[in-house]
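Student: Just dropping this structure here.
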Amino acid sequence: MELLHVALAVLFVPLGIAGLLMIVAPLRRSGRAAGVLSVLGSLFALAGSLYLFAALFGASGSELDRLTTTWLPHARLGAGRLASPIELGVLLDGISVSMLVVVCFVACMVQIFSLGYMSHEPPADFGRYFTWQSLFLFAMNTLVIAPNLLQLFLGWELVGLASYLLIGFYFRKPSAARAAVKAFWMTKLADMGLIAGLIVLFRETGTFDWTVTTPAATVVTFLLFIAVMGKSAQFPLHVWLPDAMEGPTPVSALLHAATMVAAGVFLIVRADPLFAQAAFTREFMLYIGAFTALFAACIAVVQSDIKKVLAYSTCSQLGYMVAALGAGSQVAGFFHLTTHAFFKALLFLAAGSLIHAVHSNELRQMGGLFSKMKLTSICFIVGALALAGIPGLSGFFSKDLILEVVLARGAYVPLAALLVAAFLTAFYMGRVVLLALFGAPSEAAGHAHESGVSMTLPLVLLSVLALGSGYAGAQLSGLYAEPVHFHLSTIGIVATGLALTGIAVSFWMFGPAKGGAAVQAAFAPLGRVARSGAVDQLYLLGYRRGLRGLAAGAAWFDRYMIDGAINAAAYGTLELGGRLRRLQNGDVQTYLYVVAMAAVLFALAGLVGVG
Amino acid sequence: MELTHYLLLAAALFSLGLYGVASRPNAVGLLASIELMANAVNLNLVAFSRFQGQQTGQIFALFATAITVAEVVVGLALVIVLFRSRGDVRLDLAKELKG
């Protein structure tokens with residue numbers, strides 16, 4: 001089989017299913033059939049991507065295959081310079097194929113999980129859900145296998161659309177509709193950077209290729225990074241991600257934890273040759289990433305909603321990836337993206353299973369679920385330990401690698417932030433586990449029971465990867481030119497110590513001993529600040545003061561300057577007409593006289609030779 | 001008699017006609033004044049024809065007379081309409097189109 005045919009099938013089968021479900025309304029409204037069809041599509045995509053992944057190991061170089069078709073053949077730059085033809089197509093190499101596997105695998109797990117999780121929805125909504133799921137899979141794969149930044153941009157916008165549709169899945173609920181619009185606005189605002197970056201790149205080089213060398217690389221990459229900050233929820237453009245938790249939990253797992261938000265990180269990995277030319281952008285990324293990692297981890301500590309904890313944790317982990325890429329290590333960032341995709345999807349799906357059982361997101365409504373839902377709980381704990389970076393689990397390897405590259409870069413301030421974030425990560429995950437799974441059961445938790453097999457099977461499969469995908473790191477690094485050595489380093493031991501301390505502290509505070517009430521009381525004001533959504537308030541203030549002020553200014557200018565000029569012209573015409581009409585006195589003899597006199601004047605002028 | 005005498009006479013007639021046009025308040029008088037101007041021109045034509053030995057000017061004068069008659073018909077028709085609508089033919093009072 002031709003690899004390209006497989007890749008095209010992986011791309012277009014989900015699109016075909018999404019299109020079918022969109023057009024054939026009875027099929028979509030039937031619910032169950034639509035769901036099964038969509039799951040089959042994702043299974044097909046998973047099989048195809050695994051086939052491509054297997055081919056990757058037999059290949060000699062890192063690039064497997066490339067197929068492009070010319071989209072715009074005769075693009076012109078200014079001054080008659082011809083640009084190279086703009087192409088669309090498929091690029092299969094180490095990065096795209098491994099990302100393809102991650103996306104297809106998580107998507108497949110999430111869709112199977114959704115069959116159980118969404119089963120109480122009305123059939124029409126159920127079908128709509130899977131339509132958007134299939135559309136998302138197509139959009140994400142378009143982005144992943146893009147051979148140039150323009151196609152990546154197309155996929156980027158399409159996943160944004162799918163994200164909007166899926167966050168707003170419960171659009172009858174005002175808060176969900178608001179969250180969808182907010183996510184759309186924030187990411188579109190950031191996407192202005194991507195558009196601007198592409199325009200600058202195209203003007204400078206006449207191509208959308210990321211391998212070009214250009215003096216404008218700093219400007220281009222900085223603009224691209226603005227879009228990354230929006231998509232990958234980096235401070236200060238992260239505010240949409242916690243609100244996006246209004247969507248169904250499997251959507252949060254797929255889009256807002258594992259794949260779509262990682263698209264930003266993927267863009268940096270993809271355009272690494274460009275970013276390598278921009279030292280300033282990388283420095284900026286390092287600090288933004290480290291700050292986001294710490295900042296979001298702090299907020300995650302005080303959240304009472306299990307999904308919000310995971311959402312801020314996602315922000316924080318994306319910060320790790322951005323910091324790693326800022327430190328110049330493609331492998332560290334991408335490796336953490338991969339492991340994070342697995343364990344965070346696992347955490348979200350397990351959380352979904354818990355939420356499904358108690359019908360609430362609140363940690364207070366849970367408690368003591370371990371005895372009721374053993375399988376889900378164990379999977380959740382595996383995910384939490386992987387996230388906390390306990391040695392032997394996937395998160396440990398990738399986080400350790402990131403800390404190492406940041407240390408090697410000599411950036412001690414970001415390194416300190418990342419280490420504190422590692423401690424906080426272990427702490428808040430310990431807190432969630434203890435509050436949700438152990439302790440006194442709430443009333444709702446008393447009636448909880450284990451979820452069905454369509455929900456537990458994906459959990460188990462993802463647990464296997466959350467446990468084991470860390471060992472694939474060495475293989476993964478073989479796909480790049482960059483050599484990476486995995487070994488137990490000093491920084492790894494420090495991070496592990498911090499993680500264990502974090503877990504111990506959480507056990508002390510939220511375990512049976514219920515110690516640390518004094519600590520909780522001491523940190524209460526800080527918690528209130530973190531929960532108040534200060535960044536949101538700043539945006540609101542910016543909106544009220546800045547944007548409305550600007551709008552008022554524009555309105556004033558329009559009313560008094562532009563309208564004023566038009567009114568002045570109209571008034572002047574009227575006034576001139578009013579004066580000129582005096583000439584028309586209505587006396588026909590005066591007119592005749594004027595005509596005669598004018599004739600005489602012209603005749604005289606002719607005689608003296610003026611004309 | 002020389003050509004100049006005829007031309008002076010025609011100029012005098014034309015000026016009289018122009019004065020009438022500009023000053024007569026009565027529409028019929030105005031039409032008569034226009035006739036005077038037209039015939040001053042005709043006189044010029046005939047005079048030039050006579051002194052240059054060509055017949056063109058005389059033929060032209062005949063045509064001009066015919067056209068003037070037609071014009072007077074139209075003018076009188078307007079005067080009648082004016083009289084019917086206003087009850088008099090004083091032009092200095094007919095100023096409905098005053099701006």
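FYI, nothing fancy with the structure tokens labels: chains A, B, ... in order, residues from 1 per chain, ligands from 1 as they appear.
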Identify every residue of chain A that has at least one atom within 7 Å of any atom of chain B, counting only C-alpha atoms, and report the result as a VMD selection string.
Tutor: chain A and resid 581 to 582 584 to 587 589 to 590 592 to 593
Student: Do you know which residues are at most 7 Å from range 417-432 of chain A counting only C-alpha atoms, after dropping those on the same chain fewer than 6 positions away, and could you put them as number ranges by chain?
Tutor: A: 290-291, 293-294, 297-298, 300-301, 384, 388, 495, 498-499, 502-503, 505-507, 510
Student: One number please: CA of Ala107 in chain A to CA of Gly389 in chain A, in Å, one decimal.
Tutor: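 Atom-to-atom, CA of Ala107 in chain A to CA of Gly389 in chain A, that is 24.2 Å.
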Student: One number please: CA of Thr187 in chain A to CA of Thr314 in chain A, in Å, one decimal.
Tutor: 16.3 Å
Student: Tell me, in Å to one decimal, how far CA of Gly289 in chain A is from CA of Pro236 in chain A.
Tutor: 10.8 Å
Student: Using only C-alpha atoms, pick whichever of A:Gly511, A:Phe105, A:Phe53, A:Thr281 has the shortest atom-to-atom distance to Pro458 in chain A.
Tutor: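 Ranking A:Gly511, A:Phe105, A:Phe53, A:Thr281 by distance to Pro458 in chain A, first place goes to A:Phe105.
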